[in-house]
$ cat structure16.txt   # compact mmCIF, C-alpha atoms
# COMPACT_ATOMS: atom_id res chain seq x y z
CA MET A 23 171.63 109.96 196.44
CA HIS A 24 169.36 110.27 199.43
CA ARG A 25 165.76 109.56 200.23
CA SER A 26 162.92 111.55 201.67
CA MET A 27 161.49 110.66 205.07
CA ASP A 28 158.05 110.94 203.50
CA GLU A 29 158.66 107.95 201.24
CA PRO A 30 157.11 104.70 202.52
CA THR A 31 159.45 101.80 203.11
CA GLY A 32 158.68 98.10 203.29
CA ALA A 33 155.25 96.82 204.20
CA ALA A 34 154.41 99.97 206.12
CA GLY A 35 153.63 101.67 202.81
CA LEU A 36 150.95 99.14 201.86
CA PRO A 37 147.32 99.87 202.75
CA ALA A 38 146.83 96.41 204.24
CA ALA A 39 149.77 96.90 206.60
CA ARG A 40 148.66 100.20 208.15
CA SER A 41 148.32 100.25 211.90
CA HIS A 42 147.14 102.69 214.52
CA PRO A 43 150.00 104.81 215.91
CA THR A 44 149.12 103.80 219.48
CA VAL A 45 149.71 100.18 218.55
CA ARG A 46 152.84 100.64 216.44
CA PRO A 47 154.85 103.74 217.31
CA TRP A 48 157.58 105.00 214.99
CA PRO A 49 160.37 104.05 214.93
CA PRO A 50 159.76 100.70 216.70
CA PRO A 51 163.39 99.70 217.45
CA LEU A 52 163.79 102.56 219.93
CA ALA A 53 161.04 101.32 222.25
CA GLU A 54 161.24 97.56 221.68
CA ALA A 55 162.10 95.33 224.64
CA GLY A 56 165.82 94.67 224.78
CA ALA A 57 166.73 97.53 222.45
CA GLU A 58 169.41 99.93 223.64
CA LEU A 59 167.75 103.11 224.90
CA PRO A 60 169.13 106.53 224.07
CA ASP A 61 171.12 108.55 226.58
CA PRO A 62 168.74 110.89 228.49
CA ALA A 63 171.17 113.78 227.90
CA VAL A 64 171.01 113.18 224.14
CA LEU A 65 167.20 113.07 224.20
CA GLY A 66 167.08 116.30 226.20
CA ALA A 67 169.49 118.03 223.82
CA LEU A 68 167.41 117.00 220.80
CA LEU A 69 164.17 118.13 222.42
CA ARG A 70 165.71 121.53 223.14
CA ARG A 71 167.11 121.75 219.60
CA HIS A 72 163.67 121.17 218.07
CA GLY A 73 161.92 123.78 220.14
CA TRP A 74 160.53 121.74 223.04
CA GLN A 75 160.27 123.61 226.33
CA ARG A 76 161.21 122.31 229.74
CA ARG A 77 158.42 123.17 232.15
CA GLY A 78 159.34 122.07 235.63
CA GLY A 79 160.20 118.66 237.03
CA ALA A 80 162.28 117.53 239.98
CA PRO A 81 165.64 119.34 239.82
CA GLY A 82 168.49 116.91 239.29
CA ARG A 83 166.15 113.98 238.61
CA TYR A 84 163.87 114.63 235.63
CA GLY A 85 162.30 117.39 233.53
CA ARG A 86 158.89 117.75 231.96
CA TRP A 87 159.00 118.74 228.28
CA THR A 88 156.23 120.08 226.03
CA PRO A 89 156.31 120.61 222.24
CA PRO A 90 156.42 124.02 220.61
CA GLY A 91 153.41 125.86 219.21
CA SER A 92 149.78 124.81 219.36
CA ALA A 93 150.65 121.18 220.21
CA ALA A 94 152.11 122.20 223.59
CA GLY A 95 149.07 121.09 225.58
CA ALA A 96 148.63 117.77 223.78
CA THR A 97 151.90 116.01 224.74
CA SER A 98 154.07 116.04 227.84
CA LEU A 99 157.28 114.04 228.28
CA LEU A 100 158.97 113.12 231.52
CA VAL A 101 162.70 112.78 230.75
CA PRO A 102 165.26 111.77 233.42
CA GLU A 103 168.43 113.83 233.86
CA SER A 104 170.63 110.72 233.62
CA ALA A 105 170.47 106.93 233.36
CA ALA A 106 171.62 106.51 236.96
CA PHE A 107 168.12 106.46 238.48
CA PRO A 108 166.27 103.13 238.86
CA ASP A 109 163.26 104.31 236.84
CA SER A 110 165.20 106.14 234.10
CA GLY A 111 164.82 103.32 231.55
CA GLU A 112 161.10 103.15 232.12
CA LEU A 113 160.74 106.91 231.77
CA ILE A 114 162.74 106.93 228.52
CA GLU A 115 160.56 104.15 227.07
CA GLU A 116 157.41 106.08 227.98
CA ALA A 117 158.86 109.25 226.41
CA LEU A 118 159.64 107.40 223.16
CA LEU A 119 156.12 105.98 223.01
CA ALA A 120 154.68 109.45 223.57
CA LEU A 121 156.87 110.90 220.83
CA GLY A 122 155.70 108.19 218.44
CA ARG A 123 152.07 109.12 219.14
CA SER A 124 152.58 112.89 219.11
CA ALA A 125 151.12 114.94 216.26
CA ALA A 126 153.86 117.56 216.62
CA PRO A 127 156.07 117.63 213.48
CA SER A 128 159.14 118.09 215.67
CA ALA A 129 158.45 114.74 217.39
CA ARG A 130 159.31 112.89 214.20
CA ASP A 131 162.50 114.95 213.80
CA VAL A 132 163.60 113.95 217.30
CA LEU A 133 162.89 110.27 216.63
CA VAL A 134 164.82 110.35 213.36
CA SER A 135 167.87 111.80 215.11
CA LEU A 136 167.60 109.16 217.85
CA ALA A 137 167.15 106.24 215.45
CA VAL A 138 170.32 107.09 213.49
CA PRO A 139 172.74 109.57 215.11
CA SER A 140 172.95 112.24 212.45
CA ASP A 141 174.27 115.72 211.88
CA GLU A 142 171.39 117.98 210.86
CA ILE A 143 171.64 120.49 208.04
CA ARG A 144 168.69 122.88 207.73
CA TRP A 145 167.77 125.19 204.90
CA TRP A 146 165.37 128.14 205.11
CA ARG A 147 164.36 130.06 202.02
CA GLU A 148 162.46 133.36 202.21
CA VAL A 149 160.14 133.83 199.27
CA PRO A 150 157.58 136.57 198.60
CA GLU A 151 154.35 135.98 200.52
CA SER A 152 151.54 134.38 198.53
CA ALA A 153 148.03 133.20 199.28
CA ALA A 154 149.38 129.70 199.79
CA GLY A 155 152.12 131.00 202.08
CA ALA A 156 149.61 132.91 204.18
CA ALA A 157 147.77 129.61 204.68
CA GLY A 158 150.98 127.89 205.81
CA ALA A 159 151.82 126.11 202.57
CA ALA A 160 154.33 126.54 199.75
CA CYS A 161 153.66 126.13 196.06
CA TRP A 162 155.03 123.14 194.18
CA THR A 163 157.70 125.17 192.36
CA GLU A 164 159.04 126.72 195.56
CA ALA A 165 159.26 123.35 197.30
CA GLU A 166 161.05 121.73 194.34
CA GLU A 167 163.50 124.62 194.02
CA LEU A 168 164.41 124.29 197.69
CA ARG A 169 164.79 120.51 197.49
CA SER A 170 166.90 120.70 194.33
CA ALA A 171 169.19 123.36 195.80
CA ALA A 172 169.59 121.35 199.02
CA ARG A 173 170.63 118.30 197.00
CA GLN A 174 173.21 120.39 195.16
CA VAL A 175 174.64 121.73 198.42
CA LEU A 176 174.97 118.19 199.81
CA MET A 177 176.62 116.97 196.62
CA ALA A 178 179.06 119.89 196.72
CA GLY A 179 180.00 118.92 200.26
CA ALA A 180 180.41 115.25 199.30
CA LEU A 181 182.64 116.20 196.35
CA ALA A 182 184.78 118.47 198.52
CA ALA A 183 185.16 115.65 201.04
CA ARG A 184 186.63 113.52 198.24
CA GLY A 185 189.20 116.20 197.29
CA ARG A 186 189.70 119.95 196.95
CA ALA A 187 189.16 121.44 193.50
CA GLY A 188 187.79 124.66 192.08
CA TYR A 189 185.75 122.57 189.65
CA HIS A 190 185.06 118.85 189.98
CA GLY A 191 182.93 118.35 186.89
CA ALA A 192 182.23 114.63 186.46
CA ARG A 193 185.08 113.62 188.77
CA HIS A 194 184.33 111.78 192.04
CA ARG A 195 180.56 111.86 191.47
CA ARG A 196 179.96 108.12 191.82
CA LYS A 197 181.66 107.96 195.22
CA ALA A 198 180.09 111.24 196.32
CA ARG A 199 176.60 109.92 195.53
CA ALA A 200 177.36 106.67 197.35
CA ALA A 201 178.45 108.64 200.44
CA LEU A 202 175.00 110.28 200.52
CA ASP A 203 172.98 107.08 200.10
CA ASP A 204 172.03 106.97 203.79
CA ALA A 205 171.11 110.65 204.12
CA LEU A 206 167.47 111.50 204.84
CA ILE A 207 165.67 114.66 203.78
CA GLY A 208 162.47 115.90 205.38
CA PRO A 209 160.47 119.06 204.56
CA GLY A 210 159.52 121.54 207.26
CA ALA A 211 155.93 122.08 208.30
CA ASP A 212 155.79 125.44 206.49
CA GLY A 213 157.04 124.07 203.17
CA ARG A 214 159.80 126.70 203.06
CA SER A 215 162.38 124.83 205.09
CA LEU A 216 164.13 121.51 204.71
CA THR A 217 166.26 119.34 206.98
CA ALA A 218 168.85 116.77 205.93
CA TYR A 219 169.91 114.09 208.41
CA VAL A 220 173.43 112.98 207.54
CA PRO A 221 174.43 109.86 209.52
CA VAL A 222 177.59 110.34 211.54
CA ALA A 223 178.90 106.88 210.60
CA SER A 224 178.92 107.54 206.87
CA GLY A 225 178.60 111.30 206.44
CA ARG A 226 180.38 113.14 209.26
CA ALA A 227 183.20 114.14 206.88
CA ILE A 228 180.62 115.68 204.52
CA ALA A 229 179.00 117.72 207.29
CA VAL A 230 182.39 118.94 208.53
CA GLN A 231 183.43 119.90 205.02
CA LEU A 232 180.20 121.82 204.46
CA CYS A 233 180.68 123.67 207.75
CA HIS A 234 184.10 124.91 206.64
CA ALA A 235 183.11 125.57 203.02
CA LEU A 236 179.92 127.55 203.75
CA HIS A 237 181.65 129.90 206.17
CA ALA A 238 184.60 130.31 203.78
CA THR A 239 182.16 131.17 200.99
CA ARG A 240 180.44 133.75 203.17
CA GLU A 241 183.79 135.37 204.01
CA ALA A 242 184.89 135.36 200.36
CA VAL A 243 181.63 136.98 199.24
CA ASP A 244 181.95 139.66 201.91
CA TYR A 245 185.54 140.36 200.83
CA GLN A 246 184.55 140.60 197.16
CA ARG A 247 181.65 142.95 197.89
CA ALA A 248 183.84 145.16 200.07
CA THR A 249 186.97 145.30 197.89
CA GLY A 250 186.01 143.98 194.46
CA GLY A 251 188.81 141.41 194.67
CA MET A 252 188.38 137.67 194.03
CA GLU A 253 191.50 136.50 195.89
CA ALA A 254 189.49 135.17 198.83
CA PHE A 255 187.72 132.70 196.55
CA ASP A 256 191.08 131.31 195.47
CA SER A 257 192.18 130.60 199.04
CA ALA A 258 188.70 129.25 199.87
CA ILE A 259 189.35 126.22 197.65
CA ALA A 260 191.36 124.73 200.53
CA ALA A 261 188.20 124.91 202.68
CA GLY A 262 186.15 122.99 200.11
CA VAL A 263 184.68 125.87 198.10
CA GLY A 264 184.31 125.34 194.35
CA ARG A 265 182.04 125.87 191.40
CA GLU A 266 179.65 123.14 192.54
CA LEU A 267 179.00 124.94 195.83
CA THR A 268 178.65 128.40 194.28
CA GLU A 269 176.18 127.00 191.73
CA ALA A 270 174.21 125.33 194.53
CA LEU A 271 174.02 128.57 196.51
CA ILE A 272 172.93 130.48 193.40
CA ALA A 273 170.10 127.97 192.92
CA LEU A 274 169.16 128.34 196.59
CA VAL A 275 169.05 132.16 196.60
CA ARG A 276 167.76 132.89 193.09
CA GLY A 277 164.11 133.93 193.12
CA SER A 278 164.07 134.39 196.88
CA GLU A 279 164.53 137.24 199.33
CA GLY A 280 167.35 135.36 201.07
CA ALA A 281 168.33 131.94 202.37
CA ARG A 282 169.94 130.50 205.48
CA ILE A 283 171.77 127.23 206.17
CA ASP A 284 172.19 125.98 209.72
CA LEU A 285 174.23 122.96 210.82
CA ARG A 286 173.86 121.10 214.14
CA TRP A 287 176.08 118.26 215.26
CA ALA A 288 174.63 114.96 216.50
CA PRO A 289 174.57 115.15 220.32
CA ALA A 290 175.44 111.46 220.60
CA ALA A 291 178.64 111.93 218.58
CA GLY A 292 179.76 115.28 219.98
CA THR A 293 181.57 118.11 218.20
CA PRO A 294 184.12 117.15 215.53
CA ASP A 295 187.69 118.36 215.85
CA GLY A 296 188.35 121.79 214.41
CA CYS A 297 184.70 122.86 214.41
CA PRO A 298 182.72 125.11 216.77
CA ALA A 299 180.28 123.37 219.10
CA ARG A 300 177.47 125.52 217.70
CA PRO A 301 178.29 126.76 214.18
CA ALA A 302 176.64 130.06 213.35
CA PRO A 303 173.98 129.93 210.62
CA VAL A 304 175.22 131.11 207.22
CA GLU A 305 172.98 133.52 205.29
CA PHE A 306 173.01 134.55 201.65
CA SER A 307 170.96 137.24 199.90
CA PRO A 308 170.21 138.23 196.28
CA GLY A 309 172.96 140.85 196.61
CA ASP A 310 175.48 138.01 196.84
CA LEU A 311 174.57 136.52 193.48
CA PRO A 312 177.00 138.58 191.30
CA ALA A 313 179.95 137.52 193.47
CA LEU A 314 178.87 133.88 193.45
CA ARG A 315 178.42 133.89 189.66
CA ALA A 316 181.83 135.52 189.12
CA ALA A 317 183.46 132.98 191.43
CA GLY A 318 181.83 130.05 189.63
CA ALA A 319 183.05 131.30 186.26
CA ARG A 320 186.53 131.81 187.70
CA TYR A 321 186.64 128.29 189.11
CA LEU A 322 185.54 126.82 185.77
CA ARG A 323 188.10 128.82 183.82
CA ASP A 324 191.08 128.26 186.09
CA GLU A 325 190.80 124.55 186.96
CA PRO A 326 193.69 122.90 185.07
CA ALA A 327 193.57 119.86 182.85
CA VAL A 328 194.87 116.62 184.40
CA GLN A 329 197.43 114.29 182.86
CA VAL A 330 196.11 110.73 183.27
CA ARG A 331 196.81 107.16 182.23
CA LEU A 332 193.49 105.38 182.31
CA THR A 333 192.01 102.01 181.49
CA GLY A 334 188.52 101.74 180.06
CA ALA A 335 186.13 99.49 178.19
CA VAL A 336 185.21 100.66 174.69
CA VAL A 337 181.45 101.20 174.61
CA ARG A 338 181.07 103.25 171.43
CA LEU A 339 183.03 103.98 168.24
CA ARG A 340 182.26 106.60 165.61
CA ARG A 341 183.94 108.08 162.55
CA SER A 342 182.66 109.82 159.43
CA GLY A 343 184.00 107.26 156.94
CA PRO A 344 185.56 103.79 156.63
CA ARG A 345 189.05 105.23 157.19
CA GLY A 346 190.73 108.01 159.16
CA ALA A 347 190.49 109.26 162.71
CA GLY A 348 187.49 108.56 164.89
CA ILE A 349 185.86 109.14 168.27
CA VAL A 350 185.83 106.44 170.96
CA ARG A 351 183.84 106.46 174.18
CA LEU A 352 185.34 104.58 177.12
CA ARG A 353 183.73 103.41 180.33
CA VAL A 354 186.51 104.16 182.80
CA LEU A 355 187.70 101.21 184.88
CA ALA A 356 190.78 102.77 186.48
CA GLY A 357 193.02 105.83 186.35
CA ALA A 358 190.46 108.64 186.60
CA GLU A 359 187.51 109.46 188.88
CA VAL A 360 184.99 109.77 186.04
CA ALA A 361 182.45 107.33 184.66
CA HIS A 362 183.04 107.84 180.91
CA VAL A 363 185.46 109.74 178.68
CA ARG A 364 185.41 110.69 175.01
CA VAL A 365 188.69 110.25 173.11
CA GLU A 366 189.66 111.27 169.58
CA LEU A 367 192.05 108.69 168.07
CA ASP A 368 194.07 108.61 164.86
CA GLU A 369 193.42 105.85 162.33
CA GLU A 370 195.84 103.31 163.82
CA ALA A 371 194.71 103.88 167.43
CA TYR A 372 191.08 103.72 166.30
CA ARG A 373 191.75 100.33 164.67
CA ILE A 374 193.32 99.07 167.92
CA ALA A 375 190.27 100.28 169.85
CA GLY A 376 187.96 98.49 167.43
CA HIS A 377 189.79 95.19 167.77
CA ALA A 378 189.85 95.50 171.58
CA HIS A 379 186.11 96.10 171.52
CA LEU A 380 185.50 93.03 169.32
CA VAL A 381 187.40 90.65 171.58
CA GLY A 382 186.15 92.15 174.85
CA LEU A 383 189.40 93.67 176.09
CA PRO A 384 189.72 97.08 177.79
CA LEU A 385 191.98 99.78 176.42
CA ARG A 386 194.79 101.69 178.11
CA VAL A 387 195.46 105.25 176.95
CA GLU A 388 197.38 108.30 178.13
CA GLY A 389 196.30 111.89 177.66
CA ARG A 390 195.02 115.11 179.21
CA LEU A 391 191.63 115.09 180.92
CA GLU A 392 190.20 118.49 179.96
CA ASN A 393 187.93 120.49 182.25
CA ARG A 394 185.85 121.57 179.26
CA GLY A 395 182.70 119.49 179.30
CA GLY A 396 183.25 118.49 182.93
CA PHE A 397 186.42 116.39 182.58
CA ARG A 398 184.71 114.02 180.17
CA ARG A 399 187.11 114.48 177.25
CA LEU A 400 190.65 113.12 176.84
CA THR A 401 192.95 115.03 174.45
CA GLY A 402 196.44 114.27 173.16
CA ALA A 403 195.81 110.52 173.32
CA SER A 404 198.89 108.30 173.11
CA GLN A 405 200.18 104.85 174.14
CA VAL A 406 196.90 103.23 173.08
CA ALA A 407 196.99 99.49 173.73
CA PRO A 408 194.63 96.66 174.79
CA VAL A 409 194.94 95.28 178.32
CA GLN A 410 194.78 91.61 179.24
CA VAL A 411 192.16 90.75 181.88
CA ASP A 412 191.01 87.60 183.61
CA GLU A 413 188.29 85.42 182.05
CA ALA A 414 185.49 86.62 184.36
CA GLU A 415 186.10 90.27 183.49
CA ARG A 416 186.42 89.45 179.81
CA ASP A 417 183.10 87.59 179.82
CA ARG A 418 181.45 90.59 181.47
CA LEU A 419 182.87 92.96 178.87
CA MET A 420 181.78 90.64 176.04
CA LYS A 421 178.27 90.60 177.45
CA ALA A 422 178.27 94.40 177.44
CA LEU A 423 179.44 94.29 173.80
CA GLN A 424 176.57 92.00 172.78
CA GLU A 425 174.08 94.32 174.48
CA ASN A 426 175.46 97.28 172.51
CA VAL A 427 176.44 95.54 169.27
CA ASP A 428 174.34 97.98 167.18
CA PHE A 429 176.70 100.83 168.07
CA PHE A 430 179.72 98.91 166.82
CA GLU A 431 178.01 97.79 163.61
CA GLU A 432 177.03 101.38 162.83
CA ALA A 433 180.58 102.53 163.56
CA CYS A 434 182.08 99.93 161.21
CA ALA A 435 179.67 101.05 158.50
CA GLY A 436 180.84 104.65 158.90
CA GLU A 437 177.46 105.88 160.07
CA GLU A 438 176.75 108.39 162.84
CA PRO A 439 175.37 106.66 166.00
$ encode --input "structure16.txt" --output "structure tokens"
Amino acid sequence: MHRSMDEPTGAAGLPAARSHPTVRPWPPPLAEAGAELPDPAVLGALLRRHGWQRRGGAPGRYGRWTPPGSAAGATSLLVPESAAFPDSGELIEEALLALGRSAAPSARDVLVSLAVPSDEIRWWREVPESAAGAAGAACWTEAEELRSAARQVLMAGALAARGRAGYHGARHRRKARAALDDALIGPGADGRSLTAYVPVASGRAIAVQLCHALHATREAVDYQRATGGMEAFDSAIAAGVGRELTEALIALVRGSEGARIDLRWAPAAGTPDGCPARPAPVEFSPGDLPALRAAGARYLRDEPAVQVRLTGAVVRLRRSGPRGAGIVRLRVLAGAEVAHVRVELDEEAYRIAGHAHLVGLPLRVEGRLENRGGFRRLTGASQVAPVQVDEAERDRLMKALQENVDFFEEACAGEEP
């Protein structure tokens, strides 16, 4: 779905290709000759966002910036106020080189945001202090819990961007994962925070949806805790709230003393329509867990089944004997936003499915896609019929049949796969 910034890419990850940071700053394209340099206003905004301090400089011309914390005396950047001055390009290039050489963790965050204009989503998770925490580190379990919860939050936002539903289940997941392919995730220096960089070009809709959904969830939880009513969670579906988001927030908060999610828009892209320029951080505590759990159960229970007419390739057949009804598994090609469905067919429909499988033809079937099991089961199947396809598609389906021929042979023999 997305990759960590700590993962090596290309030849840079090989020992033989390592180079000294003063020779090969990261990321190279920003400082290469002829490359388009970032807007000085964008660089200044990112430096301020990541805790850098402006310490003097000629008013109206340039500012001198130093990193936060103990690294403040090690690096100093001279950043022009605008690109109108003759030496502004040279100063920006020097600032990028200095950022590439800086040991400050925030320097890398700034460079990432410059390399690919991205909305930033940050998670903080407060956990009981331990010996490792006192030394500035987090244990493996804590770090994995935070990373897993962050992934779930991003996936919930990507699903909501595809469509509003109290419970998505298996629906839309392929396209939601694809929308997050370009997202980057980087851990904080303390091990208890995490930042996701969601590119504006491919993920702005996800960031906007999360902004609305997180604040709607916070308001619904507050309403439930104050009145005991769940009505606010029903109306929050329109803002992108659903079971996937409540489950993600439960995973984020569980075992902690509280968690916070903060969203910042990419300075180069500006503020999206309908959103505040600086969204307030959203916080959740262990006291919110009962409301979140009740909402998740409500969303799962109330999401209706969907009447569909889908087309799919038969990938598995099973029945208890040589005759009678059986179970067919279809790889969905069209008609529903799920990867596979399980269908129970009567004897005649099962025979049609078997013949379609043998000759490499997909099957068309109507029925109700049930939310039980995550919208992976079709009930009330009817209008079962093979579908004619072109030769290229038929050859591909036949190849898939040959790769899984053992399933069909076991099904014909009446054995359980």
$ residues_around --input "structure16.txt" --residues "Ser135 in chain A" --least-positions-apart "6" --cutoff "8 Å" --atoms "only C-alpha atoms" --output "PyMOL selection string"
chain A and resi 68+219+288
$ write_last_selection --input "structure16.txt" --atoms "C-alpha atoms" --output "compact mmCIF listing (two decimals), keeping the file's coordinate frame"
# COMPACT_ATOMS: atom_id res chain seq x y z
CA LEU A 68 167.41 117.00 220.80
CA TYR A 219 169.91 114.09 208.41
CA ALA A 288 174.63 114.96 216.50
$ closest_residue --input "structure16.txt" --among "A:Ala172, A:Val101, A:Ile114, A:Val64" --to "Ile143 in chain A" --atoms "all atoms listed in the file"
A:Ala172
$ residues_near_point --input "structure16.txt" --point "(179.1, 108.7, 198.4)" --cutoff "12 Å" --atoms "all atoms listed in the file" --output "number ranges by chain"
A: 23-24, 176-184, 194-205, 220, 224-228
$ residues_around --input "structure16.txt" --residues "Val275 in chain A" --least-positions-apart "2" --cutoff "8 Å" --atoms "all atoms listed in the file" --output "CSV table (one decimal) with C-alpha atoms, in the coordinates of the input"
chain,number,residue,atom,x,y,z
A,147,ARG,CA,164.4,130.1,202.0
A,271,LEU,CA,174.0,128.6,196.5
A,272,ILE,CA,172.9,130.5,193.4
A,273,ALA,CA,170.1,128.0,192.9
A,277,GLY,CA,164.1,133.9,193.1
A,278,SER,CA,164.1,134.4,196.9
A,279,GLU,CA,164.5,137.2,199.3
A,280,GLY,CA,167.4,135.4,201.1
A,281,ALA,CA,168.3,131.9,202.4
A,306,PHE,CA,173.0,134.6,201.6
A,307,SER,CA,171.0,137.2,199.9
A,308,PRO,CA,170.2,138.2,196.3
A,311,LEU,CA,174.6,136.5,193.5
$ closest_residue --input "structure16.txt" --among "A:Ala299, A:Val363, A:Ala218, A:Leu352" --to "Ala335 in chain A" --atoms "only C-alpha atoms"
A:Leu352
$ atom_distance --input "structure16.txt" --atom1 "CA of Ala235 in chain A" --atom2 "CA of Val330 in chain A"
27.9 Å
$ closest_residue --input "structure16.txt" --among "A:Ala223, A:Glu166, A:Arg282, A:Trp74" --to "Pro127 in chain A" --atoms "all atoms listed in the file"
A:Trp74
$ atom_distance --input "structure16.txt" --atom1 "CA of Leu236 in chain A" --atom2 "CA of Trp287 in chain A"
15.3 Å
$ closest_residue --input "structure16.txt" --among "A:Ala347, A:Val354, A:Ala229, A:Ala313" --to "Arg331 in chain A" --atoms "only C-alpha atoms"
A:Val354
$ decode --input "structure16.txt" --residues "range 372-410 of chain A" --atoms "C-alpha atoms" --output "tab-separated table (two decimals), in the first residue's frame"
chain	number	residue	atom	x	y	z
A	372	TYR	CA	-23.61	-25.65	-10.49
A	373	ARG	CA	-23.45	-27.74	-13.68
A	374	ILE	CA	-23.46	-24.55	-15.79
A	375	ALA	CA	-20.64	-23.14	-13.66
A	376	GLY	CA	-18.64	-26.34	-14.11
A	377	HIS	CA	-18.98	-26.27	-17.89
A	378	ALA	CA	-18.05	-22.57	-18.01
A	379	HIS	CA	-14.96	-23.33	-15.95
A	380	LEU	CA	-13.93	-26.19	-18.28
A	381	VAL	CA	-14.12	-24.10	-21.44
A	382	GLY	CA	-12.63	-20.96	-19.89
A	383	LEU	CA	-15.71	-18.73	-19.94
A	384	PRO	CA	-16.73	-16.35	-17.14
A	385	LEU	CA	-20.10	-16.60	-15.45
A	386	ARG	CA	-22.80	-13.97	-15.02
A	387	VAL	CA	-25.02	-14.20	-11.93
A	388	GLU	CA	-27.49	-12.03	-10.05
A	389	GLY	CA	-27.96	-11.99	-6.29
A	390	ARG	CA	-27.55	-10.14	-3.01
A	391	LEU	CA	-24.04	-9.27	-1.83
A	392	GLU	CA	-24.27	-9.82	1.93
A	393	ASN	CA	-22.33	-7.74	4.44
A	394	ARG	CA	-21.73	-10.83	6.56
A	395	GLY	CA	-18.16	-11.92	5.93
A	396	GLY	CA	-17.26	-8.54	4.44
A	397	PHE	CA	-19.42	-8.60	1.28
A	398	ARG	CA	-17.73	-11.75	0.05
A	399	ARG	CA	-20.86	-13.91	-0.20
A	400	LEU	CA	-23.62	-13.79	-2.82
A	401	THR	CA	-27.04	-15.16	-1.77
A	402	GLY	CA	-30.23	-15.77	-3.74
A	403	ALA	CA	-28.27	-16.52	-6.91
A	404	SER	CA	-30.26	-16.48	-10.16
A	405	GLN	CA	-29.86	-15.91	-13.91
A	406	VAL	CA	-26.68	-17.99	-13.96
A	407	ALA	CA	-25.21	-18.10	-17.47
A	408	PRO	CA	-21.80	-18.20	-19.20
A	409	VAL	CA	-20.56	-15.05	-20.93
A	410	GLN	CA	-18.84	-14.95	-24.30
